[in-house]
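Novice: Here it is, the structure, as structure tokens.
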Amino acid sequence: MAAHICTRFCINKFRESITFIQRRHRVKAKWAATRPKFPATDLALQNFDTTYNMQLGDLWPSVRVAMLSEQKYGALINNFSSTTNVISGLEAQGCRDFINVDCSRNEAHQHSQDILKPADLQPSINPDIKCLVFPQGDISRFKPARPDSSGLLGYYLLDAASVLPVLALDVQPGQTVLDLCAAPGGKTLALLQTHTVNFLWANDLSGSRTARLRRTLKSYLPKEFLEEDKIHVTSIDGRKLGLTEEKSFDRVLVDVPCTTDRHSVMVEENNLFKGSRTKERQQLPLLQTQLLVAGIQATRKGGDIVYSTCSLSQLQNECVVQQAISLALEDLGITVQVQDLGWFTQRFFDSFHFASHLNVGELVLPHLCANFGPIYMCKLRRMS
Ligand code: SAM
């Protein structure tokens with residue numbers, strides 16, 4: 001009898017503990033299911049509200065509204081296709097080339113700002129790069145580009161401000177160029193429009209994105225041009241190219257991975273503000289610095305580097321540039337000098353809204369009337 005009571009007692013205890021465990025699990029499962037989940041786009045906006053409010057002050061509310069509104073595009077004209085009809089067709093829709101625009105208004109502005117420099121100090125703008133945009137305040141959309149009789153597409157749609165780093169790089173005839181983080185290839189295509197590049201190495205760590213870059217090149221460049229061995233496409237960690245390609249290039253474009261601010265507040269897919277990508281996001285400034293140092297190392301003495309991002313973040317922009325300049329000197333004994341891009345803000349003040357008073361580089365701020373950017377760029381010259 002005693003043994004029976006004992007057994008029943010044990011069974012009851014066992015049941016109780018099972019129930020307890022089940023209940024605990026149920027409670028935990030319920031807690032997990034009802035845990036508040038914030039979309040990554042909301043987390044990005046919260047993050048930006050804190051950091052950019054401090055960084056941009058009174059400007060942030062208007063930049064914020066622009067970033068949450070539809071972005072404007074530019075049509076980068078493909079000089080390898082039959083362009084006459086393409087350009088006239090776009091002009092008939094009211095578009096204009098923001099690069100080769102009549103500069104008289106801008107010059108008047110330059111006079112008023114009293115910042116005219118001697119002519120030989122004015123950097124050149126390559127007239128072969130053409131990018132058409134709808135006028136300020138006109139939010140019409142471009143139709144998808146159509147192939148010409150040779151099957152080449154007439155234009156490439158991109159944020160018009162992202163052509164600025166390519167213009168700032170100012171590639172001269174016969175020069176060699178390294179595009180360190182090149183995919184999907186908008187800036188590579190812009191670089192090739194000049195027809196002056198002697199050799200272009202387009203690299204990107206991501207294999208799938210490099211494949212996309214190759215597809216882009218095939219859609220825009222004649223087969224014969226691609227077979228000339230003027231373009232080299234690779235999928236290598238750009239940080240390695242500093243050492244392996246030391247002092248090899250006249251021009252290096254370092255268009256780094258960043259928080260892609262506009263994408264981060266608008267698109268959930270592939271968003272860097274997802275909890276699972278926090279570490280990757282926090283390590284961006286380190287990766288960006290290492291890529292810029294590699295870009296500096298791959299540049300020959302007297303050559304130029306342009307660093308660019310599509311973020312407003314001071315930490316990913318000016319701080320990275322300043323850190324890379326220090327590291328290049330301390331670790332590699334390389335001196336680099338920041339090049340003044342003030343002339344850009346003067347020349348293109350009609351088309352873009354630039355931030356003022358940056359320590360180094362220039363920043364295009366999104367604005368409802370000219371909803372391009374953000375694009376940050378800084379030009380450096382290797383002195384030793
Ligand atoms: N320049 C491109 C264009 O205009 O189309 C956009 C480049 S995107 C801002 C940054 C690129 O850097 C991404 O395609 C990414 O795959 C690549 N990337 C990330 N880490 C890299 C690394 N360590 N080395 C080289 N490329 C890298």
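The way I read the labels, and the way they are meant: chains A, B, ... in the order of the structure tokens, residue 1 as the first residue of every chain, and ligand 1 as the first ligand shown, with later ones counted on from there.
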Sorted by chain and rising residue number, which residues of chain A lie within 9 Å of ligand 1, and what are their closest atom pairs and distances in Å to one decimal, counting only C-alpha atoms and all ligand atoms, as a tab-separated table?

Specialist:
residue	atom	partner	partner_atom_place_in_ligand_line	distance
A:Leu158	CA	ligand 1	4 (O)	8.5
A:Ser162	CA	ligand 1	4 (O)	7.1
A:Val163	CA	ligand 1	4 (O)	8.4
A:Asp179	CA	ligand 1	1 (N)	7.3
A:Leu180	CA	ligand 1	25 (C)	5.9
A:Cys181	CA	ligand 1	26 (N)	4.0
A:Ala182	CA	ligand 1	1 (N)	4.0
A:Ala183	CA	ligand 1	14 (O)	4.4
A:Pro184	CA	ligand 1	5 (O)	4.1
A:Gly185	CA	ligand 1	5 (O)	3.7
A:Gly186	CA	ligand 1	5 (O)	4.0
A:Lys187	CA	ligand 1	4 (O)	4.0
A:Thr188	CA	ligand 1	4 (O)	6.5
A:Leu189	CA	ligand 1	4 (O)	8.3
A:Ala190	CA	ligand 1	4 (O)	8.7
A:Asn203	CA	ligand 1	25 (C)	6.4
A:Asp204	CA	ligand 1	26 (N)	3.9
A:Leu205	CA	ligand 1	26 (N)	4.0
A:Ser206	CA	ligand 1	16 (O)	4.5
A:Gly207	CA	ligand 1	16 (O)	8.0
A:Ser208	CA	ligand 1	16 (O)	8.5
A:Arg209	CA	ligand 1	14 (O)	6.0
A:Thr210	CA	ligand 1	14 (O)	7.7
A:Leu213	CA	ligand 1	5 (O)	8.0
A:Ser235	CA	ligand 1	25 (C)	7.5
A:Ile236	CA	ligand 1	25 (C)	6.2
A:Asp237	CA	ligand 1	24 (N)	3.9
A:Gly238	CA	ligand 1	24 (N)	3.5
A:Arg239	CA	ligand 1	23 (N)	5.7
A:Lys240	CA	ligand 1	24 (N)	8.1
A:Leu241	CA	ligand 1	24 (N)	8.9
A:Leu253	CA	ligand 1	1 (N)	8.1
A:Val254	CA	ligand 1	1 (N)	7.7
A:Asp255	CA	ligand 1	1 (N)	5.0
A:Val256	CA	ligand 1	10 (C)	4.6
A:Pro257	CA	ligand 1	10 (C)	3.8
A:Cys258	CA	ligand 1	9 (C)	6.5
A:Thr260	CA	ligand 1	9 (C)	7.4
A:Leu287	CA	ligand 1	23 (N)	6.9
A:Gln288	CA	ligand 1	20 (N)	8.4
A:Gln290	CA	ligand 1	23 (N)	8.5
A:Leu291	CA	ligand 1	23 (N)	6.7
A:Ser308	CA	ligand 1	9 (C)	8.1
A:Thr309	CA	ligand 1	9 (C)	6.4
A:Cys310	CA	ligand 1	9 (C)	6.9

Novice: Excluding Asn371 of chain A and its own-chain neighbours fewer than 4 positions away, which residues fall within 7 Å of it when counting only C-alpha atoms? Please give them as a list in words.

Specialist: Ala66, Gln71, Lys72, Pro366 and His367 of chain A

Novice: Which residues, written as a compact mmCIF listing (two decimals) with all heavy atoms, in the first residue's frame, have at least one atom at most 9 Å from Asp170 of chain A, with only C-alpha atoms counted and residues fewer than 3 positions away on the same chain left out?

Specialist:
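Now in around09.txt:
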# COMPACT_ATOMS: atom_id res chain seq x y z
N PRO A 123 39.71 72.43 -62.67
CA PRO A 123 39.77 71.09 -63.25
C PRO A 123 38.80 70.98 -64.43
O PRO A 123 37.83 71.73 -64.52
CB PRO A 123 39.31 70.20 -62.11
CG PRO A 123 39.39 71.04 -60.89
CD PRO A 123 39.18 72.44 -61.34
N SER A 124 39.10 70.04 -65.32
CA SER A 124 38.26 69.91 -66.51
C SER A 124 37.09 68.97 -66.21
O SER A 124 37.13 68.17 -65.29
CB SER A 124 39.09 69.34 -67.65
OG SER A 124 39.65 68.11 -67.24
N ILE A 125 36.06 69.11 -67.03
CA ILE A 125 34.92 68.20 -66.96
C ILE A 125 34.88 67.49 -68.31
O ILE A 125 34.86 68.16 -69.35
CB ILE A 125 33.60 68.99 -66.77
CG1 ILE A 125 33.55 69.65 -65.39
CG2 ILE A 125 32.40 68.10 -66.97
CD1 ILE A 125 33.22 68.73 -64.25
N ASN A 126 34.86 66.18 -68.29
CA ASN A 126 34.89 65.45 -69.55
C ASN A 126 33.55 65.61 -70.29
O ASN A 126 32.51 65.21 -69.78
CB ASN A 126 35.16 63.97 -69.29
CG ASN A 126 35.54 63.27 -70.56
OD1 ASN A 126 34.80 63.31 -71.53
ND2 ASN A 126 36.70 62.65 -70.55
N PRO A 165 31.22 61.54 -58.61
CA PRO A 165 32.55 60.99 -58.27
C PRO A 165 33.37 60.63 -59.50
O PRO A 165 34.60 60.80 -59.50
CB PRO A 165 32.20 59.73 -57.45
CG PRO A 165 30.84 59.99 -56.90
CD PRO A 165 30.13 60.82 -57.92
N VAL A 166 32.70 60.18 -60.56
CA VAL A 166 33.42 59.84 -61.81
C VAL A 166 33.97 61.11 -62.46
O VAL A 166 35.12 61.15 -62.90
CB VAL A 166 32.47 59.09 -62.78
CG1 VAL A 166 33.16 58.83 -64.11
CG2 VAL A 166 32.01 57.79 -62.17
N LEU A 167 33.16 62.16 -62.48
CA LEU A 167 33.63 63.43 -63.04
C LEU A 167 34.80 63.98 -62.22
O LEU A 167 35.78 64.50 -62.76
CB LEU A 167 32.50 64.45 -63.07
CG LEU A 167 31.32 64.14 -64.01
CD1 LEU A 167 30.19 65.14 -63.80
CD2 LEU A 167 31.76 64.13 -65.47
N ARG A 251 44.41 56.40 -61.80
CA ARG A 251 43.17 56.82 -61.13
C ARG A 251 42.53 55.62 -60.43
O ARG A 251 42.49 54.53 -61.01
CB ARG A 251 42.15 57.35 -62.15
CG ARG A 251 42.60 58.60 -62.92
CD ARG A 251 42.48 59.83 -62.04
NE ARG A 251 42.74 61.05 -62.76
CZ ARG A 251 43.93 61.65 -62.83
NH1 ARG A 251 44.99 61.11 -62.25
NH2 ARG A 251 44.07 62.79 -63.48
N ASP A 304 45.40 60.09 -58.71
CA ASP A 304 44.27 60.53 -57.89
C ASP A 304 43.34 59.39 -57.50
O ASP A 304 43.16 58.44 -58.26
CB ASP A 304 43.45 61.57 -58.67
CG ASP A 304 44.19 62.89 -58.82
OD1 ASP A 304 45.11 63.15 -58.01
OD2 ASP A 304 43.87 63.64 -59.75

Novice: If DSSP is run on the backbone, what residues of segment 51-298 of chain A are strand (DSSP E or B)? A reply as a ChimeraX atom specification would be ideal.

Specialist: /A:74-77,96-97,131-133,147,153,155-158,176-179,199-203,231-234,249-255

Novice: Neighbouring residues of segment 54-63 of chain A were defined as those with any atom within 12 Å, considering only C-alpha atoms; residues of the same chain fewer than 3 positions away were excluded. Please report them as a PDB file with N, CA and C atoms, in the first residue's frame.

Specialist:
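Ended up saving to selection-v1.pdb:
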ATOM      1  N   LEU A  45      15.388  54.367 -39.873  1.00  0.00           N
ATOM      2  CA  LEU A  45      14.907  55.740 -39.703  1.00  0.00           C
ATOM      3  C   LEU A  45      15.151  56.239 -38.275  1.00  0.00           C
ATOM      4  N   ASN A  47      17.521  55.227 -36.295  1.00  0.00           N
ATOM      5  CA  ASN A  47      18.970  55.460 -36.201  1.00  0.00           C
ATOM      6  C   ASN A  47      19.332  56.801 -36.841  1.00  0.00           C
ATOM      7  N   PHE A  48      18.785  57.048 -38.025  1.00  0.00           N
ATOM      8  CA  PHE A  48      19.104  58.294 -38.742  1.00  0.00           C
ATOM      9  C   PHE A  48      18.554  59.508 -37.995  1.00  0.00           C
ATOM     10  N   ASP A  49      17.336  59.334 -37.405  1.00  0.00           N
ATOM     11  CA  ASP A  49      16.750  60.466 -36.670  1.00  0.00           C
ATOM     12  C   ASP A  49      17.694  60.923 -35.553  1.00  0.00           C
ATOM     13  N   THR A  50      18.348  59.964 -34.924  1.00  0.00           N
ATOM     14  CA  THR A  50      19.266  60.325 -33.841  1.00  0.00           C
ATOM     15  C   THR A  50      20.547  60.938 -34.403  1.00  0.00           C
ATOM     16  N   THR A  51      21.194  60.195 -35.317  1.00  0.00           N
ATOM     17  CA  THR A  51      22.529  60.647 -35.741  1.00  0.00           C
ATOM     18  C   THR A  51      22.464  61.859 -36.669  1.00  0.00           C
ATOM     19  N   ALA A  66      12.716  64.157 -48.143  1.00  0.00           N
ATOM     20  CA  ALA A  66      13.170  63.824 -49.508  1.00  0.00           C
ATOM     21  C   ALA A  66      13.554  62.351 -49.602  1.00  0.00           C
ATOM     22  N   MET A  67      14.266  61.845 -48.569  1.00  0.00           N
ATOM     23  CA  MET A  67      14.713  60.448 -48.619  1.00  0.00           C
ATOM     24  C   MET A  67      13.524  59.481 -48.568  1.00  0.00           C
ATOM     25  N   LEU A  68      12.402  59.944 -47.970  1.00  0.00           N
ATOM     26  CA  LEU A  68      11.225  59.081 -47.895  1.00  0.00           C
ATOM     27  C   LEU A  68      10.310  59.275 -49.106  1.00  0.00           C
ATOM     28  N   SER A  69      10.715  60.118 -50.036  1.00  0.00           N
ATOM     29  CA  SER A  69       9.933  60.360 -51.256  1.00  0.00           C
ATOM     30  C   SER A  69      10.628  59.717 -52.443  1.00  0.00           C
ATOM     31  N   GLN A  71      12.781  58.886 -55.404  1.00  0.00           N
ATOM     32  CA  GLN A  71      14.091  59.371 -55.834  1.00  0.00           C
ATOM     33  C   GLN A  71      14.040  59.743 -57.314  1.00  0.00           C
ATOM     34  N   ASP A 261      21.752  54.834 -47.460  1.00  0.00           N
ATOM     35  CA  ASP A 261      20.704  55.427 -46.609  1.00  0.00           C
ATOM     36  C   ASP A 261      19.300  55.408 -47.228  1.00  0.00           C
ATOM     37  N   ARG A 262      19.222  55.740 -48.505  1.00  0.00           N
ATOM     38  CA  ARG A 262      17.903  55.814 -49.132  1.00  0.00           C
ATOM     39  C   ARG A 262      17.273  54.416 -49.179  1.00  0.00           C
ATOM     40  N   LEU A 312      24.822  59.639 -45.678  1.00  0.00           N
ATOM     41  CA  LEU A 312      25.042  60.968 -45.093  1.00  0.00           C
ATOM     42  C   LEU A 312      26.018  60.896 -43.914  1.00  0.00           C
ATOM     43  N   SER A 313      26.330  59.683 -43.490  1.00  0.00           N
ATOM     44  CA  SER A 313      27.037  59.483 -42.233  1.00  0.00           C
ATOM     45  C   SER A 313      28.458  60.042 -42.202  1.00  0.00           C
ATOM     46  N   GLN A 314      28.678  60.960 -41.272  1.00  0.00           N
ATOM     47  CA  GLN A 314      30.002  61.552 -41.080  1.00  0.00           C
ATOM     48  C   GLN A 314      31.036  60.469 -40.753  1.00  0.00           C
ATOM     49  N   LEU A 315      30.551  59.454 -40.015  1.00  0.00           N
ATOM     50  CA  LEU A 315      31.430  58.359 -39.599  1.00  0.00           C
ATOM     51  C   LEU A 315      31.917  57.560 -40.810  1.00  0.00           C
ATOM     52  N   HIS A 353      21.779  69.850 -54.344  1.00  0.00           N
ATOM     53  CA  HIS A 353      21.926  70.595 -53.085  1.00  0.00           C
ATOM     54  C   HIS A 353      23.119  70.027 -52.335  1.00  0.00           C
ATOM     55  N   PHE A 354      24.148  70.840 -52.172  1.00  0.00           N
ATOM     56  CA  PHE A 354      25.360  70.383 -51.479  1.00  0.00           C
ATOM     57  C   PHE A 354      25.340  70.849 -50.033  1.00  0.00           C
ATOM     58  N   ALA A 355      25.873  69.986 -49.153  1.00  0.00           N
ATOM     59  CA  ALA A 355      26.010  70.385 -47.749  1.00  0.00           C
ATOM     60  C   ALA A 355      27.150  71.386 -47.653  1.00  0.00           C
ATOM     61  N   SER A 356      27.066  72.282 -46.691  1.00  0.00           N
ATOM     62  CA  SER A 356      28.170  73.237 -46.536  1.00  0.00           C
ATOM     63  C   SER A 356      29.004  72.869 -45.308  1.00  0.00           C
ATOM     64  N   HIS A 357      30.210  73.392 -45.288  1.00  0.00           N
ATOM     65  CA  HIS A 357      31.100  73.273 -44.118  1.00  0.00           C
ATOM     66  C   HIS A 357      31.484  71.843 -43.758  1.00  0.00           C
ATOM     67  N   LEU A 358      31.810  71.029 -44.742  1.00  0.00           N
ATOM     68  CA  LEU A 358      32.378  69.713 -44.414  1.00  0.00           C
ATOM     69  C   LEU A 358      33.882  69.896 -44.211  1.00  0.00           C
ATOM     70  N   LEU A 363      29.188  66.727 -50.152  1.00  0.00           N
ATOM     71  CA  LEU A 363      28.049  65.839 -49.907  1.00  0.00           C
ATOM     72  C   LEU A 363      26.803  66.377 -50.597  1.00  0.00           C
ATOM     73  N   VAL A 364      26.194  65.564 -51.465  1.00  0.00           N
ATOM     74  CA  VAL A 364      24.924  65.951 -52.097  1.00  0.00           C
ATOM     75  C   VAL A 364      23.795  65.542 -51.152  1.00  0.00           C
ATOM     76  N   LEU A 365      22.993  66.528 -50.751  1.00  0.00           N
ATOM     77  CA  LEU A 365      21.878  66.265 -49.842  1.00  0.00           C
ATOM     78  C   LEU A 365      20.589  66.078 -50.629  1.00  0.00           C
ATOM     79  N   PRO A 366      19.802  65.032 -50.341  1.00  0.00           N
ATOM     80  CA  PRO A 366      18.503  64.906 -50.998  1.00  0.00           C
ATOM     81  C   PRO A 366      17.618  66.113 -50.680  1.00  0.00           C
ATOM     82  N   HIS A 367      16.872  66.557 -51.677  1.00  0.00           N
ATOM     83  CA  HIS A 367      15.999  67.714 -51.506  1.00  0.00           C
ATOM     84  C   HIS A 367      14.778  67.482 -52.396  1.00  0.00           C
ATOM     85  N   LEU A 368      13.588  67.851 -51.943  1.00  0.00           N
ATOM     86  CA  LEU A 368      12.382  67.536 -52.721  1.00  0.00           C
ATOM     87  C   LEU A 368      12.421  68.105 -54.135  1.00  0.00           C
ATOM     88  N   CYS A 369      13.097  69.261 -54.309  1.00  0.00           N
ATOM     89  CA  CYS A 369      13.156  69.865 -55.654  1.00  0.00           C
ATOM     90  C   CYS A 369      14.204  69.212 -56.533  1.00  0.00           C
ATOM     91  N   ALA A 370      15.172  68.556 -55.957  1.00  0.00           N
ATOM     92  CA  ALA A 370      16.233  67.874 -56.719  1.00  0.00           C
ATOM     93  C   ALA A 370      16.567  66.627 -55.923  1.00  0.00           C
ATOM     94  N   ASN A 371      15.686  65.619 -56.073  1.00  0.00           N
ATOM     95  CA  ASN A 371      15.760  64.494 -55.132  1.00  0.00           C
ATOM     96  C   ASN A 371      16.810  63.454 -55.531  1.00  0.00           C
ATOM     97  N   PHE A 372      18.059  63.893 -55.531  1.00  0.00           N
ATOM     98  CA  PHE A 372      19.200  63.018 -55.815  1.00  0.00           C
ATOM     99  C   PHE A 372      19.984  62.821 -54.507  1.00  0.00           C
ATOM    100  N   GLY A 373      20.856  61.817 -54.523  1.00  0.00           N
ATOM    101  CA  GLY A 373      21.718  61.600 -53.381  1.00  0.00           C
ATOM    102  C   GLY A 373      21.027  60.800 -52.295  1.00  0.00           C
ATOM    103  N   PRO A 374      21.604  60.649 -51.089  1.00  0.00           N
ATOM    104  CA  PRO A 374      22.882  61.254 -50.733  1.00  0.00           C
ATOM    105  C   PRO A 374      24.060  60.616 -51.473  1.00  0.00           C
TER     106      PRO A 374
END

Novice: Quote the spacing between atom CA of Thr196 of chain A and atom CA of Leu178 of chain A in Å to one decimal place.

Specialist: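 Separation of atom CA of Thr196 of chain A and atom CA of Leu178 of chain A: 14.0 Å.
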
Novice: At a cut-off of 8 Å, using only C-alpha atoms, what residues contact segment 217-230 of chain A? Leave out same-chain residues fewer than 3 positions from it and give the result as a VMD selection string.

Specialist: chain A and resid 78 80 to 81 151 to 154 185 189 198 to 200 213 to 214

Novice: From segment 127-223 of chain A, collect each residue whose DSSP state is alpha helix (DSSP H) and return the set as an MDAnalysis selection string.

Specialist: chainID A and resid 164:169 186:192 207:220 223

Novice: Please provide as an NGL selection string all residues within 12 Å of Asn359 of chain A, with the sequence filter that same-chain residues fewer than 4 positions apart are discarded (counting only C-alpha atoms).

Specialist: :A and (314 or 317-322 or 338-342 or 355 or 363 or 378)

Novice: Between atom CA of Met383 of chain A and atom CA of Gln297 of chain A, what is the distance, to one decimal in Å?

Specialist: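 Separating atom CA of Met383 of chain A from atom CA of Gln297 of chain A is a distance of 11.4 Å.
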
Novice: So what do you get for atom CA of Ala298 of chain A versus atom CA of Glu245 of chain A, distance-wise?

Specialist: 5.3 Å

Novice: Residues at most 7 Å from Cys131 of chain A, counting only C-alpha atoms, excluding those fewer than 2 positions away in the same chain, as a ChimeraX atom specification?

Specialist: /A:74-77,97-99,129,133,160
